[in-house]
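Peer 1: I am sharing upload-v4.cif, which consists of mmCIF, C-alpha atoms:
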data_model
loop_
_atom_site.label_atom_id
_atom_site.label_comp_id
_atom_site.auth_asym_id
_atom_site.auth_seq_id
_atom_site.Cartn_x
_atom_site.Cartn_y
_atom_site.Cartn_z
CA MET O 25 28.75 -19.76 -19.68
CA TRP O 26 27.15 -16.62 -18.26
CA LYS O 27 26.98 -13.50 -20.38
CA HIS O 28 28.03 -10.77 -17.90
CA LYS O 29 27.64 -9.69 -14.28
CA VAL O 30 24.49 -8.10 -12.89
CA LEU O 31 24.51 -6.57 -9.41
CA VAL O 32 21.15 -6.24 -7.64
CA VAL O 33 20.89 -3.79 -4.74
CA GLY O 34 18.22 -4.70 -2.18
CA GLY O 35 16.88 -8.12 -1.19
CA GLY O 36 13.19 -7.34 -0.85
CA ALA O 37 10.31 -8.40 -3.09
CA ALA O 38 11.55 -6.63 -6.23
CA GLY O 39 15.21 -7.40 -5.56
CA MET O 40 14.76 -11.15 -5.20
CA MET O 41 12.54 -11.38 -8.27
CA ALA O 42 14.87 -9.19 -10.38
CA ALA O 43 17.97 -11.17 -9.32
CA GLY O 44 16.39 -14.50 -10.19
CA MET O 45 15.13 -13.25 -13.55
CA ALA O 46 18.51 -11.72 -14.48
CA ALA O 47 20.20 -15.05 -13.72
CA LYS O 48 17.51 -16.92 -15.65
CA ALA O 49 18.31 -14.68 -18.63
CA GLY O 50 21.93 -15.82 -18.53
CA ALA O 51 23.83 -13.37 -16.32
CA LYS O 52 25.99 -14.06 -13.26
CA VAL O 53 24.11 -12.29 -10.48
CA THR O 54 25.09 -10.97 -7.07
CA LEU O 55 22.35 -9.71 -4.73
CA PHE O 56 23.34 -7.23 -2.00
CA GLU O 57 21.23 -7.09 1.17
CA PRO O 58 22.61 -5.70 4.48
CA ASN O 59 19.77 -7.18 6.57
CA ASP O 60 20.33 -10.51 8.29
CA ARG O 61 17.58 -12.01 6.14
CA LEU O 62 15.95 -11.43 2.78
CA GLY O 63 12.41 -10.09 2.42
CA LYS O 64 12.24 -8.42 5.84
CA LYS O 65 9.50 -5.96 4.83
CA LEU O 66 7.72 -8.67 2.84
CA ALA O 67 7.47 -10.64 6.10
CA ILE O 68 5.17 -8.03 7.69
CA THR O 69 2.97 -7.16 4.68
CA GLY O 70 -0.71 -7.99 4.94
CA LYS O 71 -0.34 -8.37 8.74
CA GLY O 72 2.15 -11.16 8.12
CA ARG O 73 -0.05 -12.94 5.58
CA CYS O 74 1.34 -11.21 2.45
CA ASN O 75 -1.23 -10.13 -0.15
CA VAL O 76 0.82 -11.42 -3.14
CA THR O 77 -1.26 -9.91 -5.95
CA ASN O 78 -4.84 -9.41 -7.08
CA GLN O 79 -6.61 -11.94 -9.29
CA CYS O 80 -7.64 -9.49 -11.98
CA ALA O 81 -6.69 -8.52 -15.53
CA TRP O 82 -3.50 -6.46 -15.73
CA GLU O 83 -5.56 -3.55 -17.11
CA GLU O 84 -7.48 -3.54 -13.83
CA VAL O 85 -4.21 -3.11 -11.92
CA LEU O 86 -3.60 0.10 -13.91
CA LYS O 87 -6.94 1.48 -12.68
CA ASN O 88 -5.72 1.03 -9.09
CA ILE O 89 -2.57 3.10 -9.60
CA PRO O 90 -3.30 6.81 -8.98
CA ARG O 91 0.06 8.12 -10.21
CA ASN O 92 2.08 7.33 -13.35
CA SER O 93 0.00 4.28 -14.27
CA ARG O 94 0.75 4.62 -18.01
CA PHE O 95 4.45 4.14 -17.29
CA LEU O 96 3.64 0.61 -16.09
CA TYR O 97 1.67 -0.46 -19.17
CA SER O 98 4.52 -2.53 -20.69
CA ALA O 99 5.72 -4.04 -17.41
CA LEU O 100 2.24 -5.14 -16.28
CA SER O 101 1.26 -6.52 -19.67
CA GLY O 102 4.59 -8.38 -19.76
CA PHE O 103 4.17 -10.00 -16.32
CA THR O 104 0.51 -10.07 -15.29
CA PRO O 105 -1.20 -11.05 -12.02
CA ALA O 106 -1.88 -14.47 -13.60
CA ASP O 107 1.85 -14.79 -14.34
CA ALA O 108 2.69 -13.87 -10.75
CA MET O 109 0.27 -16.49 -9.41
CA ALA O 110 1.70 -19.14 -11.74
CA PHE O 111 5.24 -18.23 -10.64
CA PHE O 112 4.54 -18.70 -6.92
CA GLU O 113 2.54 -21.88 -7.44
CA ALA O 114 5.45 -23.28 -9.51
CA HIS O 115 7.93 -22.42 -6.75
CA GLY O 116 6.14 -24.26 -3.97
CA CYS O 117 3.75 -21.59 -2.67
CA PRO O 118 0.09 -22.63 -3.19
CA LEU O 119 -2.26 -19.64 -3.28
CA LYS O 120 -5.88 -18.81 -2.44
CA VAL O 121 -8.19 -15.95 -3.45
CA GLU O 122 -10.19 -13.97 -0.88
CA ARG O 123 -12.60 -11.03 -0.81
CA GLY O 124 -11.77 -8.29 -3.30
CA GLN O 125 -9.83 -10.81 -5.43
CA ARG O 126 -6.89 -10.51 -3.01
CA VAL O 127 -4.42 -13.38 -3.40
CA PHE O 128 -2.71 -14.88 -0.32
CA PRO O 129 -0.54 -17.94 0.31
CA GLU O 130 -2.64 -20.93 1.41
CA SER O 131 -0.51 -21.10 4.53
CA ASP O 132 -1.54 -17.53 5.53
CA ARG O 133 2.16 -16.94 6.18
CA SER O 134 4.37 -14.47 4.32
CA ALA O 135 7.25 -16.88 5.02
CA SER O 136 5.85 -19.11 2.24
CA VAL O 137 6.21 -16.28 -0.28
CA ILE O 138 9.76 -15.50 0.86
CA ALA O 139 10.66 -19.22 0.71
CA ALA O 140 9.42 -19.40 -2.91
CA LEU O 141 11.63 -16.45 -3.90
CA GLN O 142 14.63 -17.90 -2.07
CA SER O 143 14.07 -21.20 -3.85
CA PHE O 144 14.13 -19.26 -7.14
CA LEU O 145 17.45 -17.63 -6.18
CA ARG O 146 19.03 -21.00 -5.33
CA GLU O 147 17.69 -22.54 -8.52
CA GLU O 148 19.26 -19.75 -10.59
CA LYS O 149 22.52 -19.79 -8.55
CA VAL O 150 22.30 -16.16 -7.40
CA GLU O 151 25.08 -15.13 -4.99
CA VAL O 152 23.77 -13.28 -1.90
CA CYS O 153 26.11 -10.83 -0.11
CA ARG O 154 25.33 -9.25 3.27
CA GLU O 155 26.81 -5.90 2.27
CA ARG O 156 25.44 -2.36 2.10
CA VAL O 157 25.94 -0.60 -1.23
CA GLU O 158 27.24 2.93 -0.62
CA GLU O 159 28.00 4.16 -4.14
CA LEU O 160 27.31 3.38 -7.79
CA LEU O 161 30.51 3.31 -9.85
CA LEU O 162 30.56 4.76 -13.37
CA ARG O 163 33.05 4.50 -16.20
CA ASP O 164 32.60 6.88 -19.15
CA GLY O 165 29.07 7.64 -17.91
CA GLN O 166 28.06 3.95 -17.79
CA ILE O 167 27.60 1.61 -14.86
CA ALA O 168 30.83 -0.17 -13.91
CA GLY O 169 29.93 -1.61 -10.50
CA VAL O 170 29.28 -0.67 -6.88
CA ARG O 171 31.24 0.23 -3.79
CA THR O 172 29.97 -1.50 -0.65
CA ASP O 173 30.89 -1.20 3.01
CA ARG O 174 33.31 -4.08 2.36
CA GLY O 175 34.91 -3.18 -0.94
CA THR O 176 34.35 -2.79 -4.67
CA ARG O 177 32.32 -5.12 -6.90
CA TYR O 178 32.35 -4.76 -10.67
CA GLY O 179 29.42 -5.47 -12.97
CA ARG O 180 28.00 -4.34 -16.29
CA CYS O 181 24.52 -3.75 -14.92
CA VAL O 182 23.08 -2.65 -11.59
CA ILE O 183 19.39 -3.06 -10.66
CA LEU O 184 18.36 -0.72 -7.84
CA CYS O 185 15.60 -2.35 -5.73
CA THR O 186 16.07 -0.54 -2.43
CA GLY O 187 12.41 0.19 -1.70
CA GLY O 188 11.03 3.47 -0.37
CA CYS O 189 11.42 4.96 3.10
CA SER O 190 8.42 3.47 4.90
CA TYR O 191 9.08 0.98 7.72
CA PRO O 192 12.76 1.98 8.10
CA LEU O 193 13.36 -0.80 10.64
CA THR O 194 13.01 -3.30 7.78
CA GLY O 195 15.81 -1.60 5.86
CA SER O 196 13.70 0.75 3.73
CA THR O 197 15.76 3.80 4.66
CA GLY O 198 15.74 5.67 1.35
CA ASP O 199 19.31 4.62 0.42
CA GLY O 200 18.31 4.12 -3.20
CA TYR O 201 17.24 7.74 -3.59
CA ALA O 202 20.69 8.97 -2.57
CA LEU O 203 22.43 6.46 -4.86
CA ALA O 204 20.29 7.53 -7.84
CA LYS O 205 20.65 11.25 -7.09
CA ALA O 206 24.44 10.90 -6.99
CA VAL O 207 24.46 9.74 -10.63
CA GLY O 208 22.11 12.48 -11.84
CA HIS O 209 18.58 11.15 -11.33
CA THR O 210 15.67 13.28 -10.13
CA VAL O 211 13.86 12.03 -7.04
CA ARG O 212 10.29 13.13 -6.40
CA GLU O 213 9.88 14.00 -2.70
CA PRO O 214 8.97 10.75 -0.89
CA ARG O 215 5.85 10.82 1.26
CA GLY O 216 3.56 8.28 2.81
CA SER O 217 0.88 6.57 0.77
CA LEU O 218 -1.48 4.03 2.30
CA VAL O 219 -0.93 5.68 5.64
CA PRO O 220 -3.21 6.33 8.67
CA MET O 221 -4.75 9.79 9.17
CA GLU O 222 -4.56 12.15 12.13
CA GLU O 223 -7.72 13.83 13.39
CA ALA O 224 -8.07 17.52 14.15
CA GLY O 225 -9.95 16.85 17.38
CA ASP O 226 -10.51 13.99 19.82
CA TRP O 227 -13.61 12.12 18.66
CA CYS O 228 -11.50 9.22 17.40
CA ALA O 229 -9.36 9.05 20.53
CA ARG O 230 -12.54 8.72 22.60
CA MET O 231 -13.47 5.64 20.54
CA GLN O 232 -9.91 4.27 20.40
CA GLY O 233 -9.80 0.58 19.46
CA LEU O 234 -13.29 0.51 17.92
CA SER O 235 -13.33 -1.21 14.52
CA LEU O 236 -16.25 -0.73 12.12
CA ARG O 237 -17.14 -3.08 9.27
CA ASN O 238 -19.32 -2.57 6.20
CA VAL O 239 -19.29 1.21 6.37
CA ALA O 240 -19.19 3.61 3.41
CA VAL O 241 -16.34 6.12 3.52
CA LYS O 242 -15.88 9.37 1.58
CA LEU O 243 -12.80 11.57 1.43
CA VAL O 244 -14.01 15.16 0.97
CA ASN O 245 -11.68 18.08 0.17
CA GLN O 246 -11.88 21.72 1.32
CA LYS O 247 -14.14 22.61 -1.63
CA GLY O 248 -16.67 19.98 -0.58
CA LYS O 249 -15.78 17.67 -3.47
CA THR O 250 -15.69 13.92 -2.84
CA VAL O 251 -12.30 12.79 -4.16
CA TYR O 252 -12.53 9.13 -3.10
CA GLU O 253 -15.23 6.69 -1.98
CA ASP O 254 -14.85 3.23 -0.50
CA PHE O 255 -16.74 0.53 1.40
CA GLY O 256 -15.34 -1.76 4.06
CA GLU O 257 -13.50 -1.50 7.37
CA LEU O 258 -11.96 1.30 9.42
CA LEU O 259 -10.42 1.65 12.86
CA PHE O 260 -10.55 4.49 15.39
CA THR O 261 -7.14 5.07 17.03
CA HIS O 262 -5.62 7.38 19.64
CA PHE O 263 -4.43 9.70 16.85
CA GLY O 264 -7.27 9.40 14.32
CA LEU O 265 -8.23 6.80 11.73
CA SER O 266 -6.72 3.68 10.20
CA GLY O 267 -7.90 0.50 8.47
CA PRO O 268 -8.18 -0.54 4.79
CA THR O 269 -10.64 2.15 3.63
CA ILE O 270 -8.61 4.92 5.29
CA LEU O 271 -5.27 3.69 3.92
CA SER O 272 -6.67 3.62 0.37
CA ALA O 273 -8.21 7.08 0.80
CA SER O 274 -4.85 8.50 1.94
CA ALA O 275 -3.36 7.83 -1.51
CA HIS O 276 -5.69 10.53 -2.90
CA MET O 277 -4.66 13.30 -0.53
CA LYS O 278 -2.60 16.25 -1.71
CA PRO O 279 -0.26 17.85 0.84
CA GLU O 280 -1.52 21.38 0.21
CA GLU O 281 -5.24 20.61 0.72
CA THR O 282 -7.37 19.96 3.80
CA TYR O 283 -9.81 17.06 4.08
CA ARG O 284 -12.47 15.39 6.14
CA ILE O 285 -13.62 11.79 6.23
CA VAL O 286 -17.39 11.27 6.09
CA ILE O 287 -18.65 7.87 7.27
CA ASP O 288 -22.04 6.35 6.48
CA LEU O 289 -22.50 3.99 9.43
CA LYS O 290 -25.54 2.28 7.87
CA PRO O 291 -25.02 2.32 4.09
CA ALA O 292 -27.54 -0.52 3.55
CA LEU O 293 -30.37 1.62 4.99
CA GLU O 294 -31.91 4.55 3.12
CA GLU O 295 -32.76 7.56 5.29
CA GLN O 296 -36.47 6.77 5.48
CA LYS O 297 -35.88 3.16 6.53
CA LEU O 298 -33.22 4.24 9.00
CA ASP O 299 -35.64 6.75 10.54
CA GLN O 300 -38.26 4.00 10.88
CA ARG O 301 -35.64 1.78 12.51
CA ILE O 302 -34.75 4.51 15.04
CA LEU O 303 -38.43 5.10 15.79
CA ARG O 304 -38.96 1.36 16.41
CA ASP O 305 -36.01 1.24 18.80
CA PHE O 306 -37.27 4.35 20.63
CA GLU O 307 -40.69 2.76 20.98
CA GLN O 308 -39.21 -0.51 22.25
CA TYR O 309 -37.08 1.32 24.84
CA GLN O 310 -39.44 4.30 25.40
CA ASN O 311 -39.04 4.34 29.17
CA ARG O 312 -35.26 3.83 29.04
CA THR O 313 -32.53 6.40 28.48
CA ILE O 314 -31.38 7.35 24.99
CA GLU O 315 -28.16 5.41 25.61
CA HIS O 316 -30.15 2.18 26.13
CA ALA O 317 -32.42 2.93 23.18
CA LEU O 318 -29.43 3.06 20.82
CA GLN O 319 -27.74 -0.14 22.00
CA ASP O 320 -29.01 -2.18 19.02
CA LEU O 321 -28.01 0.45 16.47
CA TYR O 322 -24.43 1.44 17.36
CA PRO O 323 -21.38 -0.13 19.02
CA ARG O 324 -21.32 0.54 22.78
CA THR O 325 -18.31 2.89 22.73
CA MET O 326 -19.86 4.97 19.97
CA ILE O 327 -23.21 5.64 21.67
CA PRO O 328 -22.11 8.56 23.95
CA ILE O 329 -20.44 10.21 20.94
CA MET O 330 -23.58 9.88 18.77
CA VAL O 331 -25.75 11.27 21.56
CA GLU O 332 -23.43 14.24 22.09
CA ARG O 333 -23.08 15.02 18.39
CA ALA O 334 -26.85 14.89 17.92
CA GLY O 335 -27.23 17.52 20.66
CA ILE O 336 -29.11 15.23 23.04
CA ALA O 337 -28.47 15.58 26.77
CA PRO O 338 -27.07 12.38 28.33
CA GLY O 339 -29.69 10.40 30.26
CA THR O 340 -32.62 11.78 28.21
CA GLN O 341 -35.47 9.28 28.02
CA ALA O 342 -36.11 7.83 24.56
CA ASN O 343 -39.72 9.07 24.55
CA ALA O 344 -38.49 12.62 25.25
CA VAL O 345 -36.22 12.89 22.19
CA SER O 346 -37.53 15.58 19.86
CA ARG O 347 -38.06 15.18 16.14
CA GLN O 348 -35.22 17.64 15.52
CA GLN O 349 -32.85 15.61 17.71
CA ARG O 350 -33.89 12.41 15.96
CA ARG O 351 -33.14 14.09 12.63
CA ALA O 352 -29.69 15.10 13.91
CA LEU O 353 -29.07 11.50 14.95
CA LEU O 354 -30.04 10.30 11.49
CA ASP O 355 -27.71 12.87 9.86
CA GLN O 356 -24.83 11.76 12.08
CA THR O 357 -25.48 8.11 11.19
CA LYS O 358 -25.44 8.76 7.44
CA GLY O 359 -22.67 11.37 7.56
CA PHE O 360 -20.35 11.03 10.55
CA SER O 361 -17.68 13.61 9.73
CA ILE O 362 -14.08 13.65 11.02
CA ALA O 363 -11.79 16.61 10.26
CA ILE O 364 -8.33 15.42 9.19
CA SER O 365 -5.27 17.42 10.24
CA GLY O 366 -2.81 15.36 8.19
CA LEU O 367 -1.19 11.99 7.63
CA ARG O 368 0.96 9.95 9.99
CA PRO O 369 4.74 10.03 9.34
CA VAL O 370 6.10 8.31 6.22
CA ALA O 371 7.84 5.77 8.48
CA GLU O 372 4.35 4.40 9.32
CA ALA O 373 3.20 4.21 5.69
CA ILE O 374 2.67 0.85 4.04
CA ILE O 375 4.05 2.23 0.79
CA THR O 376 5.99 5.32 -0.32
CA ALA O 377 4.69 7.77 -2.90
CA GLY O 378 7.43 9.62 -4.75
CA GLY O 379 10.81 8.28 -5.79
CA ILE O 380 12.80 8.03 -9.03
CA HIS O 381 11.19 10.22 -11.69
CA VAL O 382 9.67 7.81 -14.23
CA LYS O 383 10.35 10.16 -17.15
CA GLU O 384 14.03 9.28 -16.68
CA VAL O 385 13.36 5.52 -16.99
CA GLN O 386 12.62 3.33 -20.04
CA PRO O 387 9.18 1.79 -19.40
CA LYS O 388 9.82 -1.46 -21.28
CA THR O 389 13.14 -2.35 -19.67
CA MET O 390 13.25 -0.18 -16.52
CA GLU O 391 16.70 1.03 -17.65
CA SER O 392 17.84 4.54 -16.80
CA LYS O 393 17.71 7.01 -19.70
CA LEU O 394 20.63 8.85 -18.09
CA VAL O 395 23.02 6.08 -17.05
CA PRO O 396 23.37 3.03 -19.36
CA GLY O 397 23.41 -0.22 -17.39
CA LEU O 398 21.42 1.15 -14.43
CA TYR O 399 17.94 -0.31 -13.86
CA PHE O 400 15.18 0.24 -11.30
CA ALA O 401 12.41 -1.95 -9.89
CA GLY O 402 9.78 -1.75 -7.18
CA GLU O 403 8.99 0.95 -4.66
CA VAL O 404 12.10 3.05 -5.40
CA LEU O 405 10.22 4.26 -8.52
CA ASP O 406 7.61 7.03 -8.34
CA VAL O 407 4.66 4.63 -8.63
CA ASP O 408 2.26 3.42 -5.94
CA ALA O 409 -1.17 1.80 -5.83
CA TYR O 410 -4.13 1.20 -3.56
CA THR O 411 -4.41 -1.76 -1.18
CA GLY O 412 -5.39 -5.14 -2.55
CA GLY O 413 -2.13 -6.70 -3.76
CA PHE O 414 -1.49 -4.08 -6.44
CA ASN O 415 1.74 -2.70 -4.96
CA LEU O 416 3.37 -6.12 -4.85
CA GLN O 417 2.22 -6.75 -8.41
CA ILE O 418 4.07 -3.55 -9.42
CA ALA O 419 7.16 -4.95 -7.66
CA TRP O 420 6.94 -8.29 -9.51
CA SER O 421 6.25 -6.74 -12.93
CA THR O 422 8.96 -4.06 -12.81
CA ALA O 423 11.45 -6.58 -11.39
CA VAL O 424 10.80 -9.08 -14.18
CA ALA O 425 11.17 -6.33 -16.81
CA ALA O 426 14.43 -5.07 -15.29
CA GLY O 427 15.84 -8.54 -14.56
CA LEU O 428 15.23 -9.97 -18.01
CA ALA O 429 16.48 -6.81 -19.72
CA ALA O 430 19.66 -6.53 -17.65
CA GLY O 431 20.39 -10.23 -17.63
CA GLY O 432 19.64 -10.76 -21.30
CA ARG O 433 21.82 -8.01 -22.74
CA HIS O 434 24.05 -9.12 -25.64
CA ASP O 435 26.19 -6.00 -26.08
CA PHE O 436 28.44 -7.00 -23.14
CA GLU O 437 29.09 -10.61 -24.13
CA GLY O 438 32.70 -11.65 -24.34
CA GLU O 439 33.95 -8.47 -22.67
CA GLU O 440 34.49 -9.89 -19.17
#
Show me the file's structure as structure tokens.
Peer 2:
Amino acid sequence: MWKHKVLVVGGGAAGMMAAGMAAKAGAKVTLFEPNDRLGKKLAITGKGRCNVTNQCAWEEVLKNIPRNSRFLYSALSGFTPADAMAFFEAHGCPLKVERGQRVFPESDRSASVIAALQSFLREEKVEVCRERVEELLLRDGQIAGVRTDRGTRYGRCVILCTGGCSYPLTGSTGDGYALAKAVGHTVREPRGSLVPMEEAGDWCARMQGLSLRNVAVKLVNQKGKTVYEDFGELLFTHFGLSGPTILSASAHMKPEETYRIVIDLKPALEEQKLDQRILRDFEQYQNRTIEHALQDLYPRTMIPIMVERAGIAPGTQANAVSRQQRRALLDQTKGFSIAISGLRPVAEAIITAGGIHVKEVQPKTMESKLVPGLYFAGEVLDVDAYTGGFNLQIAWSTAVAAGLAAGGRHDFEGEE
């Protein structure tokens, strides 16, 4: 016999996990998802491969959360990356570990992750309703149920797992913020995190489509302070910069400050060795133009940009390049600077920063401090992390905490 009813709003990563866990704890669970299928945003994460978690200690996950990491201490220690991996393996989704300890399904298909969660829901007999929740219902200040676009559903607990407001076409439209605000919760202004950057200029547009690997990237603020450093890949686009290093750097940007990205194109070479390398190339191609002399050092589409930024006239012969110009070329190679005008819209962000104020939520159970019976999990909370599987781990951990707490409550037993 089930203990009481739990209503879960949102059928994404956190919603499916929370629903299954609440049912496992003994509750009768209904999951509300207006999309035609569950896990719609999950399907496109990691370019459709789905970076499930990161194979690291849970304490390491905390280090990759720039905001409100202490709030997640209990949730992450209660359901660790190792627990998440064990869960998916047990539900028919074999996993593999790649560079940076990123964990993916062996199939390289996010569909395998979604199938594992759906299997969990069937196993725990969770009811799935294709309805949009429009209002949280209260009785004497406590959760009493929800009103959907098709009627009223009663339940002792509601878990809000509606996601943020990035990728609105997947259903992440910010509904959860409005629902929480209506019952008295504070919502920190949502903005994009892990989002591409726009350039104040056109250097990037001129190299549109060029992808660089193994470069060192610095995010430098208006005071000249380096606020983030990374190593890896980036992409030049028609509007500016994207790629893993850029997305991670964006999480460190404050709306009121201005920034520039500084790229070391050859981080493995110290300046002296790089200068020797340039000299060798110039000697090899001494009777050719500067553009030909640089063909072994830079990608083809980047060469005219490097020549221009070093103050060298196009078509100059390699043996006519001055020492000063060579020095400028070296400086550009070790510190290629791009002025950033801002971030792309939140709709293009991988994850949303901002959301339900965590000071109004119990960290161990994810229950609201303002409305008994109301719980939160996943991206709707004001927590976000860098790339590498950490954001999905937050979803799993908060969902497990909320699901087990809501589903395992004893104070409602026998009342329904």
Peer 1: For stretch 255-258 of chain O, work out the shell of residues within 10 Å, counting all atoms listed in the file and skipping chain neighbours fewer than 6 positions away, then give it as a PDB file with C-alpha atoms, in the frame of the given file.
Peer 2:
ATOM      1  CA  LEU O 234     -13.290   0.510  17.920  1.00  0.00           C
ATOM      2  CA  SER O 235     -13.330  -1.210  14.520  1.00  0.00           C
ATOM      3  CA  LEU O 236     -16.250  -0.730  12.120  1.00  0.00           C
ATOM      4  CA  ARG O 237     -17.140  -3.080   9.270  1.00  0.00           C
ATOM      5  CA  ASN O 238     -19.320  -2.570   6.200  1.00  0.00           C
ATOM      6  CA  VAL O 239     -19.290   1.210   6.370  1.00  0.00           C
ATOM      7  CA  ALA O 240     -19.190   3.610   3.410  1.00  0.00           C
ATOM      8  CA  VAL O 241     -16.340   6.120   3.520  1.00  0.00           C
ATOM      9  CA  LYS O 242     -15.880   9.370   1.580  1.00  0.00           C
ATOM     10  CA  LEU O 265      -8.230   6.800  11.730  1.00  0.00           C
ATOM     11  CA  SER O 266      -6.720   3.680  10.200  1.00  0.00           C
ATOM     12  CA  GLY O 267      -7.900   0.500   8.470  1.00  0.00           C
ATOM     13  CA  PRO O 268      -8.180  -0.540   4.790  1.00  0.00           C
ATOM     14  CA  THR O 269     -10.640   2.150   3.630  1.00  0.00           C
ATOM     15  CA  ILE O 270      -8.610   4.920   5.290  1.00  0.00           C
ATOM     16  CA  LEU O 271      -5.270   3.690   3.920  1.00  0.00           C
ATOM     17  CA  ILE O 287     -18.650   7.870   7.270  1.00  0.00           C
ATOM     18  CA  ASP O 288     -22.040   6.350   6.480  1.00  0.00           C
ATOM     19  CA  PRO O 291     -25.020   2.320   4.090  1.00  0.00           C
TER      20      PRO O 291
END
Peer 1: Do a neighbour search on O:Met326 at 12 Å with all atoms listed in the file, toss out local chain neighbours closer than 5 positions, and write the hits as a VMD selection string.
Peer 2: chain O and resid 227 to 236 260 289 315 318 to 321 331 to 333 356 to 357 360
Peer 1: For the structure provided, state which residues fall under the PyMOL selection byres ((chain O and resi 419-427) around 8), and present them as an MDAnalysis selection string.
Peer 2: chainID O and resid 37:39 41:47 49 96 99:100 102:104 108 183 388:391 399:403 415:418 428:431
Peer 1: Restrict the selected residues to C-alpha atoms and save them as a tab-separated table (two decimals), keeping the file's coordinate frame.
Peer 2:
chain	number	residue	atom	x	y	z
O	37	ALA	CA	10.31	-8.40	-3.09
O	38	ALA	CA	11.55	-6.63	-6.23
O	39	GLY	CA	15.21	-7.40	-5.56
O	41	MET	CA	12.54	-11.38	-8.27
O	42	ALA	CA	14.87	-9.19	-10.38
O	43	ALA	CA	17.97	-11.17	-9.32
O	44	GLY	CA	16.39	-14.50	-10.19
O	45	MET	CA	15.13	-13.25	-13.55
O	46	ALA	CA	18.51	-11.72	-14.48
O	47	ALA	CA	20.20	-15.05	-13.72
O	49	ALA	CA	18.31	-14.68	-18.63
O	96	LEU	CA	3.64	0.61	-16.09
O	99	ALA	CA	5.72	-4.04	-17.41
O	100	LEU	CA	2.24	-5.14	-16.28
O	102	GLY	CA	4.59	-8.38	-19.76
O	103	PHE	CA	4.17	-10.00	-16.32
O	104	THR	CA	0.51	-10.07	-15.29
O	108	ALA	CA	2.69	-13.87	-10.75
O	183	ILE	CA	19.39	-3.06	-10.66
O	388	LYS	CA	9.82	-1.46	-21.28
O	389	THR	CA	13.14	-2.35	-19.67
O	390	MET	CA	13.25	-0.18	-16.52
O	391	GLU	CA	16.70	1.03	-17.65
O	399	TYR	CA	17.94	-0.31	-13.86
O	400	PHE	CA	15.18	0.24	-11.30
O	401	ALA	CA	12.41	-1.95	-9.89
O	402	GLY	CA	9.78	-1.75	-7.18
O	403	GLU	CA	8.99	0.95	-4.66
O	415	ASN	CA	1.74	-2.70	-4.96
O	416	LEU	CA	3.37	-6.12	-4.85
O	417	GLN	CA	2.22	-6.75	-8.41
O	418	ILE	CA	4.07	-3.55	-9.42
O	428	LEU	CA	15.23	-9.97	-18.01
O	429	ALA	CA	16.48	-6.81	-19.72
O	430	ALA	CA	19.66	-6.53	-17.65
O	431	GLY	CA	20.39	-10.23	-17.63
Peer 1: Have a look at atom CA of O:Val219 and atom CA of O:Ser272 and let me know their distance in Å, one decimal.
Peer 2: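 That distance, rounded to one decimal, is 8.1 Å.
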Peer 1: Would you work out the distance separating atom CA of O:Glu148 from atom CA of O:Lys48, expressed in Å to one decimal?
Peer 2: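 If I compute the distance from atom CA of O:Glu148 to atom CA of O:Lys48, I get 6.1 Å.
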Peer 1: When distances are computed from only C-alpha atoms, which of O:Pro58, O:Leu243, O:Gly63, O:Glu130 shows the smallest separation from O:Asp173?
Peer 2: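 Looking at the shortest contact to O:Asp173, the residue is O:Pro58.
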Peer 1: Within 6 Å of O:Val211, counting all atoms listed in the file, which residues show up once you throw out same-chain ones fewer than 6 positions away? Write them as a list in words, please.
Peer 2: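 After dropping sequence-adjacent residues, the list is Gly379, Ile380 and His381 of chain O.
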Peer 1: Which residue is closest to O:His262? Choose from O:Gln308, O:Leu62, O:Phe128, O:Pro220 and count all atoms listed in the file.
Peer 2: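 Selected residue with least distance to O:His262: O:Pro220.
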Peer 1: From (-9.8, 12.6, -4.8), in the file's coordinates, out to 12 Å: which residues are reached, counting all atoms listed in the file? Answer as a VMD selection string.
Peer 2: chain O and resid 90 242 to 254 272 to 278 281 to 285
Peer 1: So which one's closest to O:Glu295, O:Leu161, O:Phe263, O:Leu354, O:Glu384? Using all atoms listed in the file, please.
Peer 2: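 Checking each of O:Leu161, O:Phe263, O:Leu354, O:Glu384 against O:Glu295, counting all atoms listed in the file, the winner is O:Leu354.
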Peer 1: When distances are computed from all atoms listed in the file, which of O:Asp299, O:Glu294, O:Glu213, O:Glu223 shows the smallest separation from O:Leu405?
Peer 2: O:Glu213
Peer 1: For atom CA of O:Gln142 and atom CA of O:Val127, determine how far apart the two atoms are, in Å to one decimal place.
Peer 2: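 Atom-to-atom, atom CA of O:Gln142 and atom CA of O:Val127 are spaced 19.6 Å apart.
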Peer 1: To box stretch 353-361 of chain O, take all atoms listed in the file, fit an axis-aligned box, add 5 Å on each side, and give centre and edge lengths in Å to one decimal, as JSON.
Peer 2:
{"center_x": -23.9, "center_y": 10.9, "center_z": 11.2, "size_x": 22.4, "size_y": 15.5, "size_z": 17.5}
Peer 1: Which is closer to O:Ser101 than all the others in O:Pro387, O:His316, O:Gly208, O:Asp355, using only C-alpha atoms?
Peer 2: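 Using only C-alpha atoms, the shortest distance to O:Ser101 belongs to O:Pro387.
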Peer 1: Give me the result of the PyMOL selection byres ((chain O and resi 166) around 7) on this file, residue by residue, as a list in words.
Peer 2: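 When the PyMOL selection byres ((chain O and resi 166) around 7) is applied, the selected residues are Leu162, Arg163, Asp164, Gly165, Ile167, Ala168, Val395, Pro396 and Gly397 of chain O.
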Peer 1: Those residues with C-alpha atoms, as a compact mmCIF listing (two decimals), in the frame of the given file please?
Peer 2:
# COMPACT_ATOMS: atom_id res chain seq x y z
CA LEU O 162 30.56 4.76 -13.37
CA ARG O 163 33.05 4.50 -16.20
CA ASP O 164 32.60 6.88 -19.15
CA GLY O 165 29.07 7.64 -17.91
CA ILE O 167 27.60 1.61 -14.86
CA ALA O 168 30.83 -0.17 -13.91
CA VAL O 395 23.02 6.08 -17.05
CA PRO O 396 23.37 3.03 -19.36
CA GLY O 397 23.41 -0.22 -17.39
